Structures are given as structure tokens and as C-alpha cells.
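J.: Sharing structure00.tsv here; it has TSV, C-alpha atoms.
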chain	number	residue	atom	x	y	z
A	374	MET	CA	-15.62	3.38	-13.70
A	375	THR	CA	-15.24	-0.36	-13.20
A	376	THR	CA	-13.25	-2.49	-15.62
A	377	GLU	CA	-14.06	-6.07	-16.63
A	378	ASN	CA	-11.68	-7.28	-13.91
A	379	PRO	CA	-13.78	-7.75	-10.73
A	380	TYR	CA	-10.98	-6.47	-8.48
A	381	ILE	CA	-9.46	-3.64	-10.51
A	382	LYS	CA	-11.14	-0.25	-10.41
A	383	GLN	CA	-10.09	2.96	-12.12
A	384	PHE	CA	-9.48	6.17	-10.18
A	385	PRO	CA	-8.88	8.96	-12.73
A	386	GLU	CA	-8.15	11.48	-9.98
A	387	LEU	CA	-5.43	9.34	-8.36
A	388	MET	CA	-1.96	10.79	-9.10
A	389	ALA	CA	-3.61	12.64	-12.02
A	390	GLY	CA	-1.10	14.53	-14.16
A	391	LYS	CA	1.83	13.08	-12.21
A	392	THR	CA	4.68	10.76	-13.14
A	393	VAL	CA	5.01	7.39	-11.40
A	394	LEU	CA	8.20	5.34	-11.79
A	395	TYR	CA	7.93	1.57	-11.36
A	396	CYS	CA	10.96	-0.63	-10.61
A	397	HIS	CA	10.28	-4.27	-11.42
A	398	GLY	CA	11.56	-7.40	-9.71
A	399	PHE	CA	14.26	-9.90	-10.61
A	400	ALA	CA	13.89	-11.53	-14.06
A	401	SER	CA	10.90	-9.36	-14.85
A	402	SER	CA	10.40	-6.34	-17.10
A	403	GLY	CA	8.44	-3.16	-17.64
A	404	GLN	CA	5.69	-5.30	-19.18
A	405	SER	CA	4.77	-6.97	-15.89
A	406	GLY	CA	1.27	-7.39	-14.54
A	407	THR	CA	1.91	-4.76	-11.86
A	408	VAL	CA	2.62	-2.15	-14.53
A	409	ALA	CA	-0.67	-3.01	-16.23
A	410	ARG	CA	-2.48	-2.61	-12.89
A	411	LEU	CA	-0.87	0.77	-12.23
A	412	ARG	CA	-1.86	2.11	-15.64
A	413	GLU	CA	-5.38	0.78	-15.35
A	414	VAL	CA	-5.99	2.08	-11.84
A	415	MET	CA	-4.39	5.50	-12.48
A	416	PRO	CA	-5.30	6.28	-16.11
A	417	GLN	CA	-4.46	9.99	-15.77
A	418	SER	CA	-0.91	9.43	-14.51
A	419	LYS	CA	2.23	8.78	-16.53
A	420	VAL	CA	3.66	5.41	-15.51
A	421	ILE	CA	7.30	4.87	-16.50
A	422	ALA	CA	8.45	1.25	-16.29
A	423	PRO	CA	11.85	0.61	-17.89
A	424	ASP	CA	13.37	-2.80	-18.46
A	425	LEU	CA	16.15	-2.80	-15.90
A	426	PRO	CA	19.64	-3.99	-16.85
A	427	ILE	CA	20.76	-7.24	-15.28
A	428	HIS	CA	23.86	-5.67	-13.74
A	429	PRO	CA	22.75	-3.74	-10.64
A	430	GLN	CA	25.12	-0.79	-11.03
A	431	GLU	CA	23.79	-0.22	-14.53
A	432	ALA	CA	20.23	-0.53	-13.24
A	433	ILE	CA	20.62	1.97	-10.40
A	434	SER	CA	22.42	4.41	-12.72
A	435	MET	CA	19.55	4.17	-15.20
A	436	LEU	CA	17.00	4.76	-12.48
A	437	LYS	CA	18.85	7.77	-11.06
A	438	ASN	CA	19.04	9.29	-14.54
A	439	ILE	CA	15.31	8.77	-15.04
A	440	CYS	CA	14.61	10.38	-11.67
A	441	GLN	CA	16.75	13.38	-12.59
A	442	GLN	CA	14.99	13.82	-15.92
A	443	GLU	CA	11.41	12.95	-14.96
A	444	GLN	CA	11.24	13.99	-11.29
A	445	PRO	CA	8.61	11.36	-10.49
A	446	SER	CA	5.99	12.17	-7.88
A	447	LEU	CA	6.07	8.56	-6.72
A	448	ILE	CA	8.40	5.57	-7.09
A	449	ILE	CA	7.08	2.05	-6.57
A	450	GLY	CA	9.40	-0.94	-6.45
A	451	THR	CA	8.67	-4.62	-5.92
A	452	SER	CA	11.15	-7.22	-4.63
A	453	MET	CA	14.50	-6.39	-6.27
A	454	GLY	CA	12.90	-3.18	-7.49
A	455	GLY	CA	12.04	-2.39	-3.89
A	456	MET	CA	15.75	-2.53	-3.07
A	457	TYR	CA	16.44	-0.07	-5.89
A	458	ALA	CA	13.53	2.20	-4.96
A	459	GLU	CA	14.80	2.52	-1.38
A	460	GLN	CA	18.11	3.82	-2.72
A	461	LEU	CA	16.51	6.58	-4.81
A	462	ARG	CA	16.66	9.26	-2.16
A	463	GLY	CA	14.52	12.37	-2.11
A	464	PHE	CA	11.28	10.96	-3.55
A	465	ASP	CA	8.07	9.51	-2.18
A	466	ARG	CA	8.43	5.74	-2.47
A	467	ILE	CA	6.57	2.50	-1.84
A	468	CYS	CA	8.75	-0.61	-1.47
A	469	VAL	CA	6.69	-3.78	-1.79
A	470	ASN	CA	8.35	-6.91	-0.38
A	471	PRO	CA	11.74	-5.26	-0.91
A	472	ALA	CA	14.68	-7.65	-1.31
A	473	MET	CA	17.03	-5.59	0.84
A	474	GLU	CA	19.58	-8.44	0.83
A	475	MET	CA	19.31	-9.30	-2.84
A	476	GLY	CA	22.58	-11.22	-3.07
A	477	GLU	CA	21.61	-13.48	-0.18
A	478	THR	CA	18.11	-13.94	-1.62
A	479	MET	CA	19.61	-15.11	-4.92
A	480	LYS	CA	21.79	-17.69	-3.20
A	481	THR	CA	19.06	-18.92	-0.87
A	482	HIS	CA	16.51	-19.46	-3.63
A	483	GLY	CA	18.83	-20.80	-6.28
A	484	MET	CA	18.61	-17.84	-8.63
A	485	THR	CA	21.80	-18.88	-10.41
A	486	GLY	CA	22.61	-20.44	-13.76
A	487	THR	CA	20.48	-19.81	-16.83
A	488	GLN	CA	17.37	-17.78	-16.00
A	489	GLN	CA	14.31	-17.05	-18.12
A	490	PHE	CA	12.72	-13.63	-18.13
A	491	GLN	CA	9.18	-13.89	-16.82
A	492	ASN	CA	7.87	-11.05	-18.99
A	493	PRO	CA	8.74	-9.82	-22.48
A	494	ARG	CA	11.46	-7.19	-22.77
A	495	LEU	CA	11.79	-4.51	-25.39
A	496	ASP	CA	15.19	-5.84	-26.53
A	497	GLY	CA	13.67	-9.27	-27.17
A	498	VAL	CA	16.14	-11.05	-24.86
A	499	GLN	CA	14.48	-14.06	-23.24
A	500	GLU	CA	17.14	-15.47	-20.93
A	501	PHE	CA	20.29	-14.51	-19.05
A	502	TYR	CA	22.97	-16.21	-16.98
A	503	VAL	CA	23.71	-15.64	-13.30
A	504	ASP	CA	27.16	-16.59	-12.03
A	505	LYS	CA	28.93	-15.97	-8.71
A	506	ALA	CA	30.31	-12.67	-9.95
A	507	LEU	CA	26.83	-11.34	-10.69
A	508	VAL	CA	25.56	-12.52	-7.30
A	509	LYS	CA	28.40	-10.56	-5.70
A	510	GLU	CA	27.39	-7.48	-7.69
A	511	TYR	CA	23.92	-7.72	-6.19
A	512	LYS	CA	25.36	-8.29	-2.73
A	513	ASP	CA	27.54	-5.20	-3.12
A	514	GLN	CA	24.57	-3.15	-4.31
A	515	SER	CA	22.51	-4.34	-1.34
A	516	GLU	CA	25.15	-2.89	0.98
A	517	HIS	CA	24.09	0.60	-0.12
A	518	ARG	CA	20.71	0.22	1.59
A	519	PHE	CA	19.83	2.87	4.14
A	520	GLU	CA	22.81	5.05	3.22
A	521	ASP	CA	22.48	8.76	4.04
A	522	VAL	CA	18.81	8.55	4.96
A	523	SER	CA	17.64	11.94	6.18
A	524	ASP	CA	14.88	12.52	8.72
A	525	GLU	CA	12.70	13.84	5.90
A	526	ASP	CA	13.38	10.75	3.82
A	527	ARG	CA	12.30	8.47	6.66
A	528	GLN	CA	8.81	9.92	6.42
A	529	ARG	CA	8.60	9.61	2.62
A	530	VAL	CA	9.08	5.84	2.31
A	531	TYR	CA	6.52	3.11	2.90
A	532	GLY	CA	7.40	-0.56	3.15
A	533	LEU	CA	4.69	-3.13	2.42
A	534	PHE	CA	5.40	-6.71	3.44
A	535	GLY	CA	3.22	-9.68	2.53
A	536	ASP	CA	2.27	-11.80	5.52
A	537	GLU	CA	2.56	-14.94	3.34
A	538	ASP	CA	5.83	-14.02	1.62
A	539	THR	CA	8.16	-17.04	1.70
A	540	THR	CA	10.80	-15.48	-0.56
A	541	VAL	CA	11.88	-12.31	1.23
A	542	ASN	CA	11.57	-11.22	4.85
A	543	THR	CA	13.30	-7.91	5.49
A	544	PHE	CA	10.58	-6.25	7.59
A	545	ASP	CA	12.66	-5.90	10.75
A	546	MET	CA	15.70	-4.29	9.14
A	547	PHE	CA	13.48	-1.98	7.10
A	548	HIS	CA	11.40	-0.94	10.10
A	549	GLU	CA	14.52	-0.04	12.06
A	550	VAL	CA	15.09	2.78	9.56
A	551	TYR	CA	11.64	3.63	8.21
A	552	PRO	CA	8.65	4.01	10.57
A	553	HIS	CA	6.10	3.44	7.78
A	554	ALA	CA	6.51	-0.34	7.55
A	555	LEU	CA	3.41	-2.53	7.58
A	556	HIS	CA	2.15	-5.95	6.61
A	557	PHE	CA	-0.48	-6.71	4.01
A	558	HIS	CA	-2.42	-9.86	3.19
A	559	GLY	CA	-0.55	-11.48	0.34
A	560	GLU	CA	2.40	-13.41	-0.98
A	561	HIS	CA	5.66	-12.25	-2.55
A	562	ARG	CA	3.98	-11.73	-5.91
A	563	MET	CA	1.02	-9.41	-5.71
A	564	ASN	CA	-2.26	-10.31	-7.33
A	565	ASP	CA	-5.08	-7.94	-8.24
A	566	LYS	CA	-6.73	-8.28	-4.84
A	567	SER	CA	-3.64	-7.58	-2.73
A	568	PHE	CA	-2.69	-4.70	-5.02
A	569	MET	CA	-6.07	-2.99	-4.74
A	570	HIS	CA	-6.50	-3.58	-1.01
A	571	SER	CA	-2.92	-2.78	0.03
A	572	VAL	CA	-0.95	-0.69	-2.44
A	573	VAL	CA	-3.71	1.59	-3.73
A	574	PRO	CA	-4.66	2.91	-0.24
A	575	VAL	CA	-1.01	3.88	0.36
A	576	ILE	CA	-0.83	5.60	-3.04
A	577	ARG	CA	-3.95	7.54	-2.01
A	578	TRP	CA	-2.34	8.60	1.29
A	579	ILE	CA	0.72	9.88	-0.57
A	580	ASP	CA	-1.34	11.66	-3.22
A	581	ASP	CA	-3.48	13.34	-0.55
A	582	LYS	CA	-0.38	14.53	1.30
A	583	GLN	CA	1.20	15.90	-1.87
A	584	GLU	CA	-1.99	17.77	-2.74
A	585	HIS	CA	-2.65	18.92	0.84
A	586	ARG	CA	-6.04	17.29	0.34
A	587	GLU	CA	-8.32	16.99	3.35
A	588	ARG	CA	-11.12	14.48	3.00
A	589	PRO	CA	-14.27	14.36	5.14
A	590	ILE	CA	-13.72	12.22	8.25
A	591	ILE	CA	-15.74	9.12	9.12
A	592	TYR	CA	-15.37	7.39	12.48
A	593	ILE	CA	-16.54	3.77	12.65
A	594	GLY	CA	-17.28	2.11	15.97
A	595	MET	CA	-15.70	-1.33	16.12
A	596	GLU	CA	-18.93	-2.90	17.39
A	597	THR	CA	-20.60	-2.14	14.04
A	598	LEU	CA	-18.03	-4.14	12.08
A	599	MET	CA	-18.44	-7.45	13.91
A	600	ASP	CA	-21.19	-10.02	14.07
A	601	ALA	CA	-21.99	-12.09	17.15
A	602	PHE	CA	-19.11	-14.46	16.35
A	603	LYS	CA	-16.50	-11.66	16.02
A	604	LYS	CA	-16.46	-12.11	12.26
A	605	PRO	CA	-16.97	-9.20	9.84
A	606	ALA	CA	-20.59	-8.14	9.66
A	607	SER	CA	-22.25	-8.63	6.29
A	608	SER	CA	-20.98	-6.04	3.73
A	609	ALA	CA	-18.77	-4.33	6.37
A	610	GLN	CA	-15.52	-4.95	4.48
A	611	LYS	CA	-17.16	-3.89	1.22
A	612	ALA	CA	-18.29	-0.68	2.89
A	613	VAL	CA	-14.85	0.14	4.27
A	614	ARG	CA	-13.24	-0.35	0.85
A	615	MET	CA	-15.80	1.96	-0.69
A	616	LEU	CA	-15.54	4.62	2.00
A	617	ILE	CA	-11.74	4.95	1.90
A	618	GLU	CA	-12.01	6.02	-1.73
A	619	HIS	CA	-13.54	9.35	-0.69
A	620	TYR	CA	-13.12	9.74	3.08
A	621	GLN	CA	-10.57	9.60	5.85
A	622	VAL	CA	-11.80	6.58	7.78
A	623	TYR	CA	-10.89	5.92	11.42
A	624	PHE	CA	-11.82	2.95	13.58
A	625	VAL	CA	-12.85	3.61	17.17
A	626	ALA	CA	-12.68	1.21	20.12
A	627	PRO	CA	-12.47	1.39	23.93
A	628	SER	CA	-8.93	1.73	25.26
A	629	ALA	CA	-9.19	-1.55	27.15
A	630	ASN	CA	-9.58	-3.48	23.88
A	631	HIS	CA	-6.31	-2.37	22.33
A	632	ALA	CA	-4.73	-5.76	21.60
A	633	GLU	CA	-7.98	-7.44	20.57
A	634	THR	CA	-8.94	-4.56	18.29
A	635	THR	CA	-5.53	-4.34	16.65
A	636	THR	CA	-5.48	-8.08	15.93
A	637	TRP	CA	-9.00	-8.01	14.48
A	638	LEU	CA	-8.31	-5.01	12.25
A	639	GLU	CA	-5.08	-6.53	10.96
A	640	ALA	CA	-6.96	-9.71	10.09
A	641	TYR	CA	-10.04	-8.23	8.42
A	642	ILE	CA	-9.36	-4.60	7.44
A	643	ASN	CA	-5.57	-4.66	7.15
A	644	VAL	CA	-3.73	-1.76	5.48
A	645	PRO	CA	-6.55	0.86	5.64
A	646	ALA	CA	-6.59	0.54	9.44
A	647	TRP	CA	-2.85	1.18	9.83
A	648	HIS	CA	-2.44	4.35	11.94
A	649	HIS	CA	-6.18	4.91	11.55
A	650	THR	CA	-7.34	3.43	14.87
A	651	ILE	CA	-8.47	5.51	17.84
A	652	PHE	CA	-8.86	4.13	21.35
A	653	THR	CA	-11.19	6.19	23.52
A	654	TYR	CA	-14.25	5.98	25.76
A	655	ARG	CA	-15.30	9.52	24.78
A	656	ARG	CA	-16.76	9.29	21.30
A	657	ASP	CA	-18.66	12.50	21.99
A	658	LEU	CA	-15.32	14.34	21.75
A	659	LEU	CA	-14.43	13.02	18.29
A	660	TYR	CA	-14.34	15.90	15.84
A	661	GLY	CA	-15.21	14.89	12.31
A	662	ASP	CA	-18.01	14.66	9.78
A	663	TYR	CA	-19.66	11.29	10.47
A	664	LEU	CA	-19.78	8.75	13.28
A	665	ILE	CA	-21.12	5.26	12.57
A	666	SER	CA	-21.96	3.74	15.93
A	667	GLN	CA	-24.29	1.34	17.67
A	668	GLN	CA	-24.12	3.50	20.75
A	669	LYS	CA	-26.50	6.42	21.12
A	670	GLU	CA	-23.97	9.16	21.87
A	671	CYS	CA	-25.30	12.50	23.03
A	672	ASP	CA	-24.00	15.85	21.79
A	673	THR	CA	-21.68	14.23	19.27
A	674	MET	CA	-19.68	16.67	17.15
A	675	SER	CA	-20.20	14.45	14.09
A	676	THR	CA	-23.33	13.45	12.19
A	677	LEU	CA	-24.43	10.26	13.93
A	678	LEU	CA	-25.40	7.26	11.83
A	679	GLU	CA	-26.89	4.82	14.30
A	680	TYR	CA	-26.02	1.34	13.07
A	681	GLY	CA	-28.85	-1.14	13.63
A	682	SER	CA	-31.55	1.54	13.58
A	683	ASP	CA	-34.46	1.49	11.16
A	684	THR	CA	-32.56	3.86	8.85
A	685	PHE	CA	-29.19	2.11	9.01
A	686	LYS	CA	-30.13	-1.45	9.85
A	687	THR	CA	-27.28	-2.98	7.82
A	688	TRP	CA	-24.04	-1.97	6.17
A	689	ASP	CA	-25.81	-2.09	2.83
A	690	ASP	CA	-28.00	0.77	4.06
A	691	ILE	CA	-24.88	2.73	4.96
A	692	ILE	CA	-23.34	1.99	1.56
A	693	ASP	CA	-26.50	3.34	-0.11
A	694	TYR	CA	-26.40	6.47	2.05
A	695	PHE	CA	-22.82	7.37	1.20
A	696	SER	CA	-23.26	6.42	-2.45
A	697	ARG	CA	-25.92	9.14	-2.67
A	698	LEU	CA	-23.61	11.66	-0.99
A	699	GLY	CA	-20.92	11.21	-3.63
A	700	GLY	CA	-17.98	11.81	-1.31
A	701	GLN	CA	-19.38	14.79	0.59
Reformat the file's structure so that it appears as C-alpha cells.
T.:
Amino acid sequence: MTTENPYIKQFPELMAGKTVLYCHGFASSGQSGTVARLREVMPQSKVIAPDLPIHPQEAISMLKNICQQEQPSLIIGTSMGGMYAEQLRGFDRICVNPAMEMGETMKTHGMTGTQQFQNPRLDGVQEFYVDKALVKEYKDQSEHRFEDVSDEDRQRVYGLFGDEDTTVNTFDMFHEVYPHALHFHGEHRMNDKSFMHSVVPVIRWIDDKQEHRERPIIYIGMETLMDAFKKPASSAQKAVRMLIEHYQVYFVAPSANHAETTTWLEAYINVPAWHHTIFTYRRDLLYGDYLISQQKECDTMSTLLEYGSDTFKTWDDIIDYFSRLGGQ
């Protein structure tokens, strides 16, 4: 089901019947645009989005109490909320542009003095005051990052970092602790496009893992994605975004093209290609359900869709084919 928003799409099966806790950013509230996106995209999940207290110790205490009571299947935090989410041990979490040094961020960007809330809050308060003492509270809370992180916890946290974020840059320190740290196309504040193309695929990975869900596998040869000028072939990006909704999609390239392939995928496919790239000269050994290739492999163990043939001349033909399959 597609909403009136051209970017937002509903996925009733995504996190269906589960509780998702959202931790908002500085000077925001539980009425933010991200909360609206989460509820629209996952209509069958319960999204909890409290207005966080200004004082960080009160905020983290509130969040820990909510976690104890609700046992959320997923916690998502943005900016300041990403700092809080990282500290909520024992849960699957996505930290988007996390402000892991919140006190320093406040000083650097002049987040002091009288501040206006950017979104309405349930208590009706519209402004608050930030003094040096409050900045120190945030600095002290930031010092609790990465405390007592277990090996299991390292695998349950994803960090998403906008490649155009000029407010926060904590990728390196985050990646030293958590292996699942990756960049997405976007700024500090997410818009509908960056949310759908970056956050939603990660939510799907987590949901699949929780449900032990195995999707049919599609391998895509890199040569099918590019035109003669190394730009995305017509409708290729549209096809990838459609296919990842129902399939496990992997991108296949010769081993010699590692750096070139990685750079291209980061530029044009981005998050869905993270850890989903295979470098091999032996496509005939790939075990899966479908192989989209311009090469005429023999004895492939997957159903071959020969890109450029009369049947699959364009990516629009491939989109039509998989639309008829309905995820099978």
C-alpha cells in the first residue's frame, strides 16, 4: 500500500506485533517527523516515543524503565537519542547520527541559552534554558558510552552515519566498538528519502533475524547495473529498492574490481549493498534462487535471468517479472 507521500511506503509485515521504542534528538519530542514515519511505515507495530526530560539522568532513567516494562523488540535513536539508545544494553538498536559526545556537541554548536522545542510536547512547554551545569550533565552522561558492552551486544547495534552530517561525526569511535557501522546518503536530520533508503532496510535485517526469516536470494551482476558511462542503468535503482522488500539481494563482481565496485555501490546503492557484495569469478558456484547477469553462465545453480536478452531487455522488464512473482 502506497501513501500519498511519494517516498513513504507501508509495510504491514515489518515488525508486526512488536514494540519499537524511539528516542528523539535534542530539543525535539515524541511528536517528531521520524515518529510519524515509523508509524506510517510499520502500521502493525507499537511505536513508543516519549518526550524525554531535559536532564539526561532523568531521560536515561525513564528510558530504562520503559525498556523494563515494554521489552521493546527494537530501539531507534537519532542524534542525542542515539547516545541514549547505545546505553540501553541488551536490545536490538539502531543509532542514527548518534551524538556520542553530546556535551561537546552542545558547546561546539552553541546549544546554550534559551532554546525552543522544535516539536510540540505533551506538557505544552515550548522552551527551556541550557546553562553550563546542564552542558556538564550531558558531558557526564556521554562518558557512559560503550560501558560494559558484551560480545553479544556488539552484534545487536547498528550505527548509521549521514555522509553529509555537519553536526555530529562520531563514526570512528562508534566503529571501534560496534562492527555494524555504516554511512548513508543524508544529513544530520533525516528526510523521507534517507529514512526509507537507509533506516528501513536495517529494520528489515533486524526483523528477519529476530524471526529467523529466510528470504529467496537474488544475485545481481554488477555489469547489469551500469550504463556505458558507469552511471546507474535506467530503472536499476528502482528495481533494487523493490527487490530488497522481498528478497535477500547480493551484488556480484570480479575480485579484481573490489575498490571500484565498493565505491560505485556506496555511491548509487548505499545501505542495501553493505555486507551484501560478493567478489568472485565463479558465478556458476553461487547457490541461490535467481541470478541476474549479462553473462551466459552454464550450469548455474540459480534461475538465470539474462539481462539484455529479448525477455529481460531492461530493468523494467525485470521489475515486471518479479512483480508477478509476488516475492517468491
J.: For Ser567 (chain A), list every protein, DNA or RNA residue within 12 Å, evaluated using all atoms listed in the file, and leave out those in the same chain fewer than 2 positions away; present the list as an MDAnalysis selection string.
T.: chainID A and resid 380:381 407 410 469 533:537 556:565 569:574 643:644
J.: Determine, counting all atoms listed in the file, which protein, DNA and RNA residues have an atom within 8 Å of an atom of His482 (chain A); residues of the same chain fewer than 3 positions away are not included. Present the result as a list in words.
T.: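 In the requested form, the answer reads Thr478, Met479 and Thr540 of chain A.
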J.: Would you mind telling me which residue in A:Glu525, A:Glu520, A:Glu618, A:Asp513 lies nearest to Leu387 (chain A) when using only C-alpha atoms?
T.: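 Using only C-alpha atoms, Leu387 (chain A) sits closest to A:Glu618.
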J.: When you look at Tyr511 (chain A) with a cut-off of 8 Å (counting only C-alpha atoms), what residues show up, excluding the ones that are within fewer than 5 positions of it in the same chain? I need them as an MDAnalysis selection string.
T.: chainID A and resid 428:429 475:476
J.: Name the residues in contact with Tyr641 (chain A) at a cut-off of 9 Å, using all atoms listed in the file, excluding same-chain residues fewer than 3 positions from it; report them as a compact mmCIF listing (two decimals) with C-alpha atoms, keeping the file's coordinate frame.
T.:
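Written out: around.txt:
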# COMPACT_ATOMS: atom_id res chain seq x y z
CA LYS A 604 -16.46 -12.11 12.26
CA PRO A 605 -16.97 -9.20 9.84
CA GLN A 610 -15.52 -4.95 4.48
CA THR A 636 -5.48 -8.08 15.93
CA TRP A 637 -9.00 -8.01 14.48
CA LEU A 638 -8.31 -5.01 12.25
J.: Excluding Gln460 (chain A) and residues on its chain fewer than 6 positions from it, collect all residues at most 10 Å away from it, counting all atoms listed in the file, and give them as a count of residues only.
T.: 13
J.: Using all atoms listed in the file, which residue out of A:Ser607, A:Ser401, A:Thr392, A:Gln668 lies closest to Ile449 (chain A)?
T.: A:Thr392
J.: Box along x, y and z, 3 Å on every side, all listed atoms of region 480-499 of chain A inside: centre and edge lengths in Å to one decimal, as lines of an AutoDock Vina configuration file.
T.:
center_x = 15.2
center_y = -12.7
center_z = -14.0
size_x = 20.7
size_y = 22.3
size_z = 32.3
J.: Calculated over all atoms listed in the file, which of the candidates A:Leu664, A:Val393, A:Ile467, A:Leu495 has the smallest distance to Ile421 (chain A)?
T.: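 For Ile421 (chain A), the nearest of the given residues is A:Val393.
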J.: What is the distance between CA of Ala629 (chain A) and CA of Asp657 (chain A), in Å to one decimal?
T.: 17.7 Å
J.: Figure out the distance between CA of Tyr457 (chain A) and CA of Leu555 (chain A), please, to one decimal in Å.
T.: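 According to the coordinates, CA of Leu555 (chain A) and CA of Tyr457 (chain A) are separated by 18.9 Å.
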J.: Can you measure CA of Glu477 (chain A) to CA of Pro552 (chain A) for me? One decimal in Å is fine.
T.: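 Separation of CA of Glu477 (chain A) and CA of Pro552 (chain A): 24.3 Å.
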J.: Pick from A:Ser608, A:Ser523, A:Thr653, A:Thr485: nearest to Gly463 (chain A), with only C-alpha atoms counted?
T.: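 Of the candidates, the smallest distance to Gly463 (chain A) is held by A:Ser523.
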